[in-house]
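Source file entry01.tsv; content: TSV, C-alpha atoms.
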chain	number	residue	atom	x	y	z
A	1226	MET	CA	28.29	126.98	2.11
A	1227	LYS	CA	28.12	129.44	4.94
A	1228	VAL	CA	24.75	128.48	6.40
A	1229	LEU	CA	25.84	124.84	6.79
A	1230	VAL	CA	29.28	125.72	8.20
A	1231	ASP	CA	27.66	128.07	10.71
A	1232	ARG	CA	25.20	125.38	11.74
A	1233	ILE	CA	27.96	122.80	12.26
A	1234	ARG	CA	29.87	125.37	14.30
A	1235	ARG	CA	26.81	125.98	16.46
A	1236	ASP	CA	25.31	122.50	16.79
A	1237	GLY	CA	27.94	119.97	15.66
A	1238	LYS	CA	29.67	117.98	18.37
A	1239	THR	CA	32.94	116.06	18.16
A	1240	LEU	CA	32.77	112.70	19.91
A	1241	GLY	CA	36.41	111.74	19.37
A	1242	ASN	CA	37.81	109.19	16.91
A	1243	GLY	CA	36.84	111.44	13.98
A	1244	ILE	CA	33.13	111.19	14.74
A	1245	LEU	CA	31.09	114.35	14.18
A	1246	LYS	CA	27.63	114.36	15.74
A	1247	VAL	CA	25.20	116.31	13.54
A	1248	ASP	CA	22.06	114.42	14.48
A	1249	SER	CA	20.23	117.55	15.58
A	1250	PHE	CA	19.96	118.79	11.98
A	1251	VAL	CA	21.18	116.11	9.52
A	1252	ASN	CA	20.64	112.51	10.50
A	1253	HIS	CA	18.12	111.93	13.28
A	1254	GLN	CA	16.40	115.24	13.55
A	1255	VAL	CA	16.54	116.94	10.14
A	1256	ASP	CA	16.30	120.69	9.61
A	1257	SER	CA	14.06	120.54	6.55
A	1258	GLY	CA	14.72	124.15	5.53
A	1259	LEU	CA	18.48	123.76	5.77
A	1260	MET	CA	18.31	120.50	3.82
A	1261	ASP	CA	16.31	122.28	1.14
A	1262	LEU	CA	18.97	125.00	0.87
A	1263	CYS	CA	21.67	122.33	0.57
A	1264	GLY	CA	19.69	120.56	-2.15
A	1265	LYS	CA	19.28	123.85	-3.98
A	1266	GLU	CA	23.02	124.48	-3.81
A	1267	PHE	CA	23.86	120.98	-5.10
A	1268	ALA	CA	21.37	121.54	-7.93
A	1269	ARG	CA	23.11	124.81	-8.81
A	1270	LEU	CA	26.55	123.15	-8.77
A	1271	PHE	CA	25.55	120.06	-10.73
A	1272	THR	CA	22.86	121.25	-13.17
A	1273	PRO	CA	25.31	121.44	-16.12
A	1274	LEU	CA	26.15	117.73	-15.80
A	1275	GLY	CA	22.79	116.57	-17.15
A	1276	ALA	CA	22.30	113.82	-14.58
A	1277	THR	CA	19.32	111.51	-15.03
A	1278	LYS	CA	19.24	110.13	-11.49
A	1279	VAL	CA	20.37	111.03	-8.00
A	1280	LEU	CA	21.85	108.06	-6.13
A	1281	THR	CA	22.44	107.77	-2.39
A	1282	ALA	CA	22.61	105.20	0.39
A	1283	GLU	CA	20.05	104.79	3.12
A	1284	ILE	CA	19.63	106.17	5.71
A	1285	SER	CA	21.19	109.54	6.24
A	1286	GLY	CA	21.83	110.22	2.56
A	1287	ILE	CA	18.10	110.24	1.80
A	1288	ALA	CA	17.30	113.77	3.02
A	1289	PRO	CA	20.00	115.68	1.08
A	1290	ALA	CA	19.57	113.43	-1.99
A	1291	LEU	CA	15.81	114.02	-2.02
A	1292	THR	CA	16.05	117.81	-1.81
A	1293	THR	CA	18.75	117.81	-4.50
A	1294	ALA	CA	16.58	115.62	-6.72
A	1295	LEU	CA	13.63	117.95	-6.12
A	1296	HIS	CA	15.60	120.97	-7.30
A	1297	LEU	CA	16.95	119.08	-10.32
A	1298	GLY	CA	13.57	117.54	-11.20
A	1299	LEU	CA	15.02	114.02	-11.02
A	1300	PRO	CA	14.13	110.74	-9.33
A	1301	VAL	CA	16.35	109.59	-6.47
A	1302	VAL	CA	17.37	105.99	-5.85
A	1303	TYR	CA	18.60	104.97	-2.42
A	1304	ALA	CA	20.66	101.84	-2.03
A	1305	ARG	CA	19.14	99.57	0.61
A	1306	LYS	CA	21.22	97.96	3.36
A	1307	THR	CA	18.85	95.02	3.75
A	1308	LYS	CA	16.97	93.46	0.87
A	1309	PRO	CA	13.21	94.03	1.25
A	1310	ILE	CA	10.83	91.31	0.11
A	1311	THR	CA	9.59	93.62	-2.63
A	1312	MET	CA	12.97	93.45	-4.37
A	1313	PRO	CA	13.66	90.89	-7.11
A	1314	ASP	CA	16.06	88.01	-6.42
A	1315	GLN	CA	18.64	89.33	-8.85
A	1316	VAL	CA	20.16	92.57	-7.54
A	1317	TYR	CA	23.35	94.62	-7.60
A	1318	LEU	CA	25.05	94.17	-4.23
A	1319	THR	CA	28.33	95.38	-2.83
A	1320	LEU	CA	29.93	95.65	0.61
A	1321	ALA	CA	31.18	98.83	2.22
A	1322	PRO	CA	32.59	99.47	5.69
A	1323	SER	CA	30.36	101.60	7.90
A	1324	HIS	CA	32.25	104.10	10.00
A	1325	THR	CA	29.46	104.64	12.50
A	1326	LYS	CA	28.48	100.97	12.71
A	1327	GLY	CA	31.99	99.56	12.90
A	1328	ARG	CA	31.29	96.72	10.47
A	1329	MET	CA	30.73	95.97	6.79
A	1330	VAL	CA	27.25	96.72	5.47
A	1331	GLU	CA	25.61	95.63	2.25
A	1332	LEU	CA	24.51	98.18	-0.35
A	1333	ILE	CA	21.82	96.81	-2.65
A	1334	ILE	CA	20.15	98.26	-5.73
A	1335	SER	CA	17.47	96.71	-7.87
A	1336	PRO	CA	18.35	96.52	-11.58
A	1337	GLU	CA	14.87	97.93	-12.21
A	1338	TYR	CA	15.96	101.44	-11.21
A	1339	LEU	CA	19.51	101.89	-12.41
A	1340	THR	CA	20.31	101.06	-15.98
A	1341	HIS	CA	22.70	101.46	-18.85
A	1342	GLY	CA	22.43	105.03	-20.06
A	1343	ASP	CA	21.73	106.56	-16.65
A	1344	LYS	CA	23.92	109.53	-15.74
A	1345	VAL	CA	24.25	109.35	-11.98
A	1346	LEU	CA	24.80	112.12	-9.47
A	1347	ILE	CA	25.79	110.65	-6.08
A	1348	ILE	CA	24.74	112.67	-3.01
A	1349	ASP	CA	25.55	111.66	0.57
A	1350	ASP	CA	25.72	113.31	3.98
A	1351	PHE	CA	29.43	112.66	4.58
A	1352	LEU	CA	32.55	112.32	2.48
A	1353	ALA	CA	35.01	110.75	4.93
A	1354	THR	CA	37.02	107.72	3.76
A	1355	GLY	CA	34.92	107.63	0.60
A	1356	ALA	CA	34.08	103.96	1.18
A	1357	THR	CA	30.28	104.31	1.00
A	1358	ILE	CA	30.46	106.53	-2.06
A	1359	LEU	CA	32.85	104.10	-3.78
A	1360	GLY	CA	30.35	101.34	-3.00
A	1361	LEU	CA	27.66	103.37	-4.77
A	1362	VAL	CA	30.06	103.90	-7.69
A	1363	ARG	CA	30.57	100.13	-8.00
A	1364	LEU	CA	26.80	99.54	-8.01
A	1365	ALA	CA	26.24	102.19	-10.67
A	1366	GLU	CA	29.04	100.80	-12.82
A	1367	ALA	CA	27.69	97.27	-12.42
A	1368	ALA	CA	24.39	98.59	-13.80
A	1369	GLY	CA	26.20	100.12	-16.78
A	1370	ALA	CA	25.43	103.65	-15.59
A	1371	LYS	CA	27.90	106.52	-15.69
A	1372	ILE	CA	28.86	108.59	-12.65
A	1373	VAL	CA	28.80	112.30	-13.55
A	1374	GLY	CA	29.22	113.97	-10.16
A	1375	ILE	CA	29.53	113.45	-6.42
A	1376	GLY	CA	28.28	115.76	-3.67
A	1377	ALA	CA	28.54	115.55	0.11
A	1378	LEU	CA	27.13	117.84	2.76
A	1379	ILE	CA	30.21	117.52	4.95
A	1380	GLU	CA	33.73	116.47	3.97
A	1381	LYS	CA	36.36	115.45	6.48
A	1382	THR	CA	39.55	115.92	4.47
A	1383	PHE	CA	41.71	114.15	7.06
A	1384	GLU	CA	40.07	110.83	6.23
A	1385	GLY	CA	41.29	110.95	2.64
A	1386	GLY	CA	38.08	110.24	0.75
A	1387	ARG	CA	38.59	112.86	-1.95
A	1388	ALA	CA	41.85	111.24	-3.08
A	1389	MET	CA	40.01	107.91	-3.39
A	1390	LEU	CA	37.46	109.52	-5.70
A	1391	GLU	CA	39.94	111.37	-7.91
A	1392	ALA	CA	40.51	108.42	-10.22
A	1393	LEU	CA	36.87	108.76	-11.32
A	1394	GLY	CA	37.64	112.13	-12.93
A	1395	VAL	CA	34.29	113.66	-12.00
A	1396	GLN	CA	33.25	116.85	-10.23
A	1397	VAL	CA	33.26	116.37	-6.43
A	1398	GLU	CA	31.64	119.05	-4.26
A	1399	SER	CA	31.29	119.33	-0.50
A	1400	LEU	CA	29.21	122.07	1.11
A	1401	ALA	CA	31.25	122.16	4.34
A	1402	VAL	CA	34.89	121.08	4.44
A	1403	ILE	CA	36.46	120.11	7.77
A	1404	THR	CA	40.25	119.85	7.79
A	1405	SER	CA	40.76	118.88	11.42
A	1406	MET	CA	38.84	117.82	14.50
A	1407	ASP	CA	41.83	117.46	16.84
A	1408	ASP	CA	41.21	118.11	20.53
A	1409	GLY	CA	37.49	118.49	19.89
A	1410	LYS	CA	37.99	121.64	17.81
A	1411	ILE	CA	36.34	121.70	14.37
A	1412	VAL	CA	38.50	123.53	11.81
A	1413	PHE	CA	36.92	124.45	8.48
A	1414	ASN	CA	38.58	125.13	5.14
A	1415	GLU	CA	36.85	128.35	4.14
B	528	MET	CA	-5.26	112.31	-3.85
B	529	LYS	CA	-5.73	111.57	-7.52
B	530	VAL	CA	-2.11	111.86	-8.66
B	531	LEU	CA	-0.99	109.25	-6.09
B	532	VAL	CA	-3.90	106.89	-6.79
B	533	ASP	CA	-3.20	107.12	-10.52
B	534	ARG	CA	0.46	106.37	-9.93
B	535	ILE	CA	-0.28	103.32	-7.78
B	536	ARG	CA	-2.69	102.14	-10.47
B	537	ARG	CA	0.01	102.51	-13.11
B	538	ASP	CA	3.16	101.39	-11.26
B	539	GLY	CA	2.07	99.60	-8.07
B	540	LYS	CA	2.37	95.82	-8.08
B	541	THR	CA	0.68	93.33	-5.78
B	542	LEU	CA	3.02	90.57	-4.64
B	543	GLY	CA	0.41	88.57	-2.70
B	544	ASN	CA	0.01	88.32	1.08
B	545	GLY	CA	-1.11	91.97	1.21
B	546	ILE	CA	2.24	93.26	-0.03
B	547	LEU	CA	2.08	96.25	-2.38
B	548	LYS	CA	5.29	96.99	-4.28
B	549	VAL	CA	5.70	100.74	-4.78
B	550	ASP	CA	9.47	100.83	-4.87
B	551	SER	CA	9.59	102.53	-8.26
B	552	PHE	CA	8.24	105.78	-6.78
B	553	VAL	CA	8.06	105.57	-2.96
B	554	ASN	CA	10.64	103.44	-1.23
B	555	HIS	CA	13.70	102.53	-3.29
B	556	GLN	CA	13.42	104.84	-6.22
B	557	VAL	CA	11.56	107.98	-5.09
B	558	ASP	CA	9.65	110.29	-7.43
B	559	SER	CA	10.80	113.53	-5.83
B	560	GLY	CA	8.12	115.65	-7.51
B	561	LEU	CA	5.31	113.32	-6.46
B	562	MET	CA	6.68	113.19	-2.92
B	563	ASP	CA	6.70	116.98	-2.86
B	564	LEU	CA	3.05	117.08	-3.93
B	565	CYS	CA	2.17	114.59	-1.19
B	566	GLY	CA	4.05	116.69	1.38
B	567	LYS	CA	2.20	119.78	0.20
B	568	GLU	CA	-1.14	117.99	0.56
B	569	PHE	CA	-0.30	116.77	4.08
B	570	ALA	CA	0.73	120.31	4.98
B	571	ARG	CA	-2.63	121.60	3.70
B	572	LEU	CA	-4.55	118.97	5.68
B	573	PHE	CA	-2.60	119.38	8.91
B	574	THR	CA	-1.63	123.07	9.05
B	575	PRO	CA	-4.47	123.96	11.48
B	576	LEU	CA	-3.11	121.49	14.09
B	577	GLY	CA	-0.10	123.66	14.96
B	578	ALA	CA	2.37	120.77	15.06
B	579	THR	CA	5.91	121.54	16.25
B	580	LYS	CA	7.57	118.42	14.81
B	581	VAL	CA	7.04	115.82	12.14
B	582	LEU	CA	7.87	112.29	13.31
B	583	THR	CA	8.47	109.22	11.18
B	584	ALA	CA	10.37	105.95	11.15
B	585	GLU	CA	13.36	105.19	8.98
B	586	ILE	CA	13.61	104.24	6.18
B	587	SER	CA	10.70	104.70	3.85
B	588	GLY	CA	8.92	107.27	5.99
B	589	ILE	CA	11.74	109.77	5.57
B	590	ALA	CA	10.84	111.03	2.09
B	591	PRO	CA	7.17	111.90	2.71
B	592	ALA	CA	7.93	113.19	6.23
B	593	LEU	CA	10.67	115.47	4.91
B	594	THR	CA	8.54	117.02	2.17
B	595	THR	CA	5.67	117.49	4.64
B	596	ALA	CA	8.05	119.14	7.12
B	597	LEU	CA	9.36	121.38	4.36
B	598	HIS	CA	5.88	122.63	3.52
B	599	LEU	CA	5.02	123.13	7.19
B	600	GLY	CA	8.37	124.77	8.01
B	601	LEU	CA	9.09	122.18	10.73
B	602	PRO	CA	11.94	119.87	11.66
B	603	VAL	CA	11.46	116.15	11.11
B	604	VAL	CA	12.67	113.45	13.48
B	605	TYR	CA	13.05	109.92	12.20
B	606	ALA	CA	13.13	107.04	14.64
B	607	ARG	CA	16.22	104.90	14.09
B	608	LYS	CA	16.05	101.11	13.88
B	609	THR	CA	19.62	100.65	15.10
B	610	LYS	CA	21.25	102.91	17.65
B	611	PRO	CA	24.11	104.89	16.05
B	612	ILE	CA	27.19	105.63	18.13
B	613	THR	CA	26.31	109.32	18.04
B	614	MET	CA	23.20	108.67	20.17
B	615	PRO	CA	23.31	108.99	23.96
B	616	ASP	CA	23.06	105.85	26.12
B	617	GLN	CA	19.65	106.83	27.46
B	618	VAL	CA	17.03	106.68	24.70
B	619	TYR	CA	13.35	106.04	24.09
B	620	LEU	CA	13.03	102.58	22.58
B	621	THR	CA	10.07	100.46	21.60
B	622	LEU	CA	9.50	97.34	19.51
B	623	ALA	CA	7.21	97.09	16.51
B	624	PRO	CA	6.57	94.22	14.10
B	625	SER	CA	7.83	94.87	10.57
B	626	HIS	CA	5.50	93.62	7.87
B	627	THR	CA	8.13	93.59	5.14
B	628	LYS	CA	10.91	92.18	7.33
B	629	GLY	CA	8.82	89.52	9.05
B	630	ARG	CA	10.29	90.24	12.50
B	631	MET	CA	10.22	92.75	15.36
B	632	VAL	CA	12.32	95.87	14.85
B	633	GLU	CA	13.42	98.46	17.36
B	634	LEU	CA	12.34	102.08	17.03
B	635	ILE	CA	14.67	104.44	18.87
B	636	ILE	CA	14.50	108.18	19.50
B	637	SER	CA	16.96	110.35	21.35
B	638	PRO	CA	15.43	112.38	24.19
B	639	GLU	CA	17.35	115.33	22.74
B	640	TYR	CA	14.88	115.75	19.90
B	641	LEU	CA	11.45	114.94	21.28
B	642	THR	CA	10.37	116.62	24.44
B	643	HIS	CA	7.50	117.59	26.66
B	644	GLY	CA	5.53	120.30	24.90
B	645	ASP	CA	6.15	119.00	21.38
B	646	LYS	CA	3.04	118.65	19.24
B	647	VAL	CA	3.78	115.76	16.94
B	648	LEU	CA	2.51	115.04	13.44
B	649	ILE	CA	3.32	111.45	12.45
B	650	ILE	CA	3.86	110.82	8.73
B	651	ASP	CA	4.63	107.41	7.23
B	652	ASP	CA	4.47	105.73	3.85
B	653	PHE	CA	1.94	103.04	4.82
B	654	LEU	CA	-0.95	102.70	7.24
B	655	ALA	CA	-1.51	98.94	7.30
B	656	THR	CA	-1.83	97.24	10.70
B	657	GLY	CA	-0.86	100.51	12.35
B	658	ALA	CA	1.89	98.77	14.33
B	659	THR	CA	4.75	101.06	13.27
B	660	ILE	CA	2.67	104.19	13.81
B	661	LEU	CA	1.59	102.95	17.25
B	662	GLY	CA	5.27	102.40	18.04
B	663	LEU	CA	5.94	106.03	17.14
B	664	VAL	CA	2.98	107.07	19.31
B	665	ARG	CA	4.47	105.20	22.29
B	666	LEU	CA	7.84	106.90	21.77
B	667	ALA	CA	6.26	110.35	21.55
B	668	GLU	CA	4.17	109.71	24.66
B	669	ALA	CA	7.23	108.44	26.54
B	670	ALA	CA	8.88	111.76	25.70
B	671	GLY	CA	5.87	113.64	27.08
B	672	ALA	CA	4.94	114.92	23.61
B	673	LYS	CA	1.39	115.08	22.30
B	674	ILE	CA	0.26	113.44	19.05
B	675	VAL	CA	-1.85	115.89	17.05
B	676	GLY	CA	-2.24	114.11	13.71
B	677	ILE	CA	-1.29	111.08	11.64
B	678	GLY	CA	-0.80	110.91	7.88
B	679	ALA	CA	0.04	108.02	5.57
B	680	LEU	CA	0.63	108.02	1.84
B	681	ILE	CA	-1.16	104.71	1.36
B	682	GLU	CA	-3.71	103.04	3.62
B	683	LYS	CA	-4.68	99.40	3.32
B	684	THR	CA	-8.04	99.38	5.11
B	685	PHE	CA	-8.23	95.57	5.15
B	686	GLU	CA	-5.34	95.41	7.64
B	687	GLY	CA	-7.29	97.34	10.25
B	688	GLY	CA	-4.77	100.02	11.21
B	689	ARG	CA	-7.24	102.90	11.32
B	690	ALA	CA	-9.31	101.21	14.01
B	691	MET	CA	-6.14	100.77	16.10
B	692	LEU	CA	-5.49	104.52	15.89
B	693	GLU	CA	-9.04	105.64	16.68
B	694	ALA	CA	-8.52	105.55	20.45
B	695	LEU	CA	-6.02	108.38	20.04
B	696	GLY	CA	-8.79	110.72	18.94
B	697	VAL	CA	-6.65	112.57	16.42
B	698	GLN	CA	-7.05	113.43	12.74
B	699	VAL	CA	-5.87	110.53	10.53
B	700	GLU	CA	-5.41	111.15	6.82
B	701	SER	CA	-4.34	108.84	4.00
B	702	LEU	CA	-3.69	110.12	0.49
B	703	ALA	CA	-4.59	106.82	-1.22
B	704	VAL	CA	-6.96	104.33	0.36
B	705	ILE	CA	-6.90	100.72	-0.79
B	706	THR	CA	-9.83	98.58	0.30
B	707	SER	CA	-8.85	95.30	-1.31
B	708	MET	CA	-5.96	93.63	-3.09
B	709	ASP	CA	-7.62	90.25	-3.66
B	710	ASP	CA	-6.53	88.30	-6.74
B	711	GLY	CA	-3.86	90.90	-7.50
B	712	LYS	CA	-6.44	93.60	-8.18
B	713	ILE	CA	-5.99	96.90	-6.35
B	714	VAL	CA	-9.34	98.46	-5.39
B	715	PHE	CA	-9.37	102.06	-4.20
B	716	ASN	CA	-11.91	103.86	-2.04
B	717	GLU	CA	-12.42	107.01	-4.05

Taking this structure as input, can you express it in the form of structure tokens?
Amino acid sequence: MKVLVDRIRRDGKTLGNGILKVDSFVNHQVDSGLMDLCGKEFARLFTPLGATKVLTAEISGIAPALTTALHLGLPVVYARKTKPITMPDQVYLTLAPSHTKGRMVELIISPEYLTHGDKVLIIDDFLATGATILGLVRLAEAAGAKIVGIGALIEKTFEGGRAMLEALGVQVESLAVITSMDDGKIVFNE
Amino acid sequence: MKVLVDRIRRDGKTLGNGILKVDSFVNHQVDSGLMDLCGKEFARLFTPLGATKVLTAEISGIAPALTTALHLGLPVVYARKTKPITMPDQVYLTLAPSHTKGRMVELIISPEYLTHGDKVLIIDDFLATGATILGLVRLAEAAGAKIVGIGALIEKTFEGGRAMLEALGVQVESLAVITSMDDGKIVFNE
């Protein structure tokens, strides 16, 4: 998606160790108009799948998942990383390594909002190792829901996440695909 | 705002101790269409203020802040509660008590995204004691920005937050105003 690639080219910063800083438009400050365009594009790509829910993980998945859900006319569920007191005692919980936090984090979903029969579209900001998305897949499967598609704003192919998702046999779409960040240079697959 | 009040009436649950569970449409599962209507209403109420940025706190403020920003054509900045590795060492940081977590949490903003000259509209899911919103006010003021308005989806008047915000002398709007939750009964000020 050209507008996103151009924006990463202009405002993205490589911090070394595979870390891409996009917090001026994705995950601290959010460009609401850009996020809306990304949601619209995900909706276009995934409309035929007939999803019933958009699923993401807090925190930085919320913005793209919400705009996608808006364009699809669906609710969005975001997995929590700490259990709020408003959640029932019995939950779906899994662990996933966090790249930017350097430790395992919990992903928690209430059984109230993901159930047998749901067709789930997973949307997240990054597809890197695929670990967070696979955590969301486990939660959805635990709830008896079916994954129908996976979308990420930005894929870093050199971290191998797409291969990890292939066994699921579902449509996987990334709006900007980065094949290398060596020596601080961001190379896109266009 | 009738559609939000009606929804709280239908799906909101009181858990005692002033806690209102709205995680089926606001802060775990999000009704994207409802959130868009709320954002549109905030935009209508606040357009004359000429804000340059929408400010909120992760996590549950992100959805209403994003839809408001979309309708105003503005970027949104969400204060982080843990400092990601993509953030510079020098940040604006304040502490605020979290009602639902029962402890103090940090609110952190990068100086990159809030600066002198910014006119800030704060949007959050709840106005209860006002503590989180006052934390955001302190961060904005530390950055030299000016608060021009404050909006909350749901106000609980019995927790006194509005009085705490009055000294700021800015427009404060809540889309659903709850005056009492005694004995599990939600009473609205309509």

Give one line per residue of chain A that approaches chain B to at most 7 Å, naming the two atoms of the closest pair and their distance in Å to one decimal, counting all atoms listed in the file; sort by chain then ascending residue number and deliver it as a Markdown table.
| residue | atom | partner | partner_atom | distance |
| --- | --- | --- | --- | --- |
| A:Lys1246 | CA | B:Thr613 | CA | 5.7 |
| A:His1253 | CA | B:Tyr605 | CA | 5.6 |
| A:Gln1254 | CA | B:Val604 | CA | 4.1 |
| A:Val1255 | CA | B:Val603 | CA | 5.2 |
| A:Asp1256 | CA | B:Pro602 | CA | 4.9 |
| A:Ser1257 | CA | B:Leu597 | CA | 5.3 |
| A:Gly1258 | CA | B:Leu597 | CA | 6.1 |
| A:Ile1284 | CA | B:Ile586 | CA | 6.3 |
| A:Leu1291 | CA | B:Ser559 | CA | 6.3 |
| A:Ala1294 | CA | B:Ser559 | CA | 6.2 |
| A:Leu1295 | CA | B:Ser559 | CA | 5.3 |
| A:Gly1298 | CA | B:Gly560 | CA | 6.8 |
| A:Leu1299 | CA | B:Ser559 | CA | 6.7 |
| A:Pro1300 | CA | B:Asp558 | CA | 4.9 |
| A:Val1301 | CA | B:Val557 | CA | 5.2 |
| A:Val1302 | CA | B:Gln556 | CA | 4.1 |
| A:Tyr1303 | CA | B:His555 | CA | 5.5 |
| A:Pro1309 | CA | B:Thr627 | CA | 6.4 |
| A:Ile1310 | CA | B:Thr627 | CA | 6.1 |
| A:Thr1311 | CA | B:Lys548 | CA | 5.7 |
| A:Thr1325 | CA | B:Ile612 | CA | 6.2 |
| A:Lys1326 | CA | B:Pro611 | CA | 6.8 |
| A:Tyr1338 | CA | B:Gln556 | CA | 6.6 |

Residues from last step as file, C-alpha atoms, as a compact mmCIF listing (two decimals), keeping the file's coordinate frame:
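And here is the file that came out, out.txt:
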# COMPACT_ATOMS: atom_id res chain seq x y z
CA LYS A 1246 27.63 114.36 15.74
CA HIS A 1253 18.12 111.93 13.28
CA GLN A 1254 16.40 115.24 13.55
CA VAL A 1255 16.54 116.94 10.14
CA ASP A 1256 16.30 120.69 9.61
CA SER A 1257 14.06 120.54 6.55
CA GLY A 1258 14.72 124.15 5.53
CA ILE A 1284 19.63 106.17 5.71
CA LEU A 1291 15.81 114.02 -2.02
CA ALA A 1294 16.58 115.62 -6.72
CA LEU A 1295 13.63 117.95 -6.12
CA GLY A 1298 13.57 117.54 -11.20
CA LEU A 1299 15.02 114.02 -11.02
CA PRO A 1300 14.13 110.74 -9.33
CA VAL A 1301 16.35 109.59 -6.47
CA VAL A 1302 17.37 105.99 -5.85
CA TYR A 1303 18.60 104.97 -2.42
CA PRO A 1309 13.21 94.03 1.25
CA ILE A 1310 10.83 91.31 0.11
CA THR A 1311 9.59 93.62 -2.63
CA THR A 1325 29.46 104.64 12.50
CA LYS A 1326 28.48 100.97 12.71
CA TYR A 1338 15.96 101.44 -11.21

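Nearest residue to A:Gly1355, choosing from A:Gly1376, A:Pro1273, A:Pro1336, A:Gly1385 and counting all atoms listed in the file: A:Gly1385.
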
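Residue neighbourhood of B:Ile674, excluding near-sequence residues (fewer than 3 positions): B:Ala578, B:Lys580, B:Val581, B:Leu582, B:Asp645, B:Lys646, B:Val647, B:Leu648, B:Ile649, B:Leu663, B:Val664, B:Arg665, B:Ala667, B:Glu668, B:Gly671, B:Ile677, B:Leu695, B:Gly696, B:Val697, B:Gln698, at 10 Å, using all atoms listed in the file.
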
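Among B:Thr579, B:Ala694, B:Leu702, B:Pro615, the residue with the shortest atom-to-atom distance to B:Arg534, counting only C-alpha atoms, is B:Leu702.
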
(message) Quick check, in Å to one decimal: how far apart do atom CA of B:Val699 and atom CA of A:Pro1289 lie?
(response) 28.0 Å

(message) Here is a test: counting only C-alpha atoms, which residue of A:Gly1275, A:Gly1360, A:Asp1350, A:Ala1370 is nearest to A:Ala1401?
(response) A:Asp1350

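With only C-alpha atoms as the atoms that count, the residue of B:Thr684, B:Thr706, B:Asn544, B:Ser701 with the shortest distance to B:Asp651 is B:Ser701.
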
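Taking atom CA of B:Leu634 as the reference point, atom CA of A:Arg1234 is found at 29.3 Å.
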
(request) Enter the distance from atom CA of B:Val714 to atom CA of B:Leu680, in Å, rounded to one decimal. (result) 15.6 Å

Extract stretch 1255-1259 of chain A from the preceding block and save all heavy atoms as a tab-separated table (two decimals), in the first residue's frame.
chain	number	residue	atom	x	y	z
A	1255	VAL	N	-0.80	8.62	16.54
A	1255	VAL	CA	-1.45	7.86	15.47
A	1255	VAL	C	-1.99	8.85	14.43
A	1255	VAL	O	-2.70	9.79	14.77
A	1255	VAL	CB	-2.63	7.02	16.01
A	1255	VAL	CG1	-3.28	6.22	14.89
A	1255	VAL	CG2	-2.17	6.10	17.13
A	1256	ASP	N	-1.63	8.63	13.18
A	1256	ASP	CA	-2.20	9.41	12.08
A	1256	ASP	C	-3.57	8.81	11.79
A	1256	ASP	O	-3.69	7.74	11.16
A	1256	ASP	CB	-1.29	9.32	10.86
A	1256	ASP	CG	-1.83	10.16	9.69
A	1256	ASP	OD1	-3.06	10.24	9.53
A	1256	ASP	OD2	-1.02	10.68	8.92
A	1257	SER	N	-4.62	9.48	12.28
A	1257	SER	CA	-5.96	8.88	12.21
A	1257	SER	C	-6.40	8.68	10.75
A	1257	SER	O	-7.03	7.67	10.43
A	1257	SER	CB	-6.97	9.74	12.98
A	1257	SER	OG	-7.06	11.04	12.42
A	1258	GLY	N	-6.06	9.61	9.90
A	1258	GLY	CA	-6.46	9.49	8.48
A	1258	GLY	C	-5.77	8.33	7.80
A	1258	GLY	O	-6.39	7.55	7.06
A	1259	LEU	N	-4.48	8.17	8.07
A	1259	LEU	CA	-3.73	7.05	7.50
A	1259	LEU	C	-4.30	5.72	8.03
A	1259	LEU	O	-4.47	4.76	7.27
A	1259	LEU	CB	-2.24	7.17	7.87
A	1259	LEU	CG	-1.36	6.01	7.44
A	1259	LEU	CD1	-1.26	5.92	5.92
A	1259	LEU	CD2	0.04	6.13	8.04
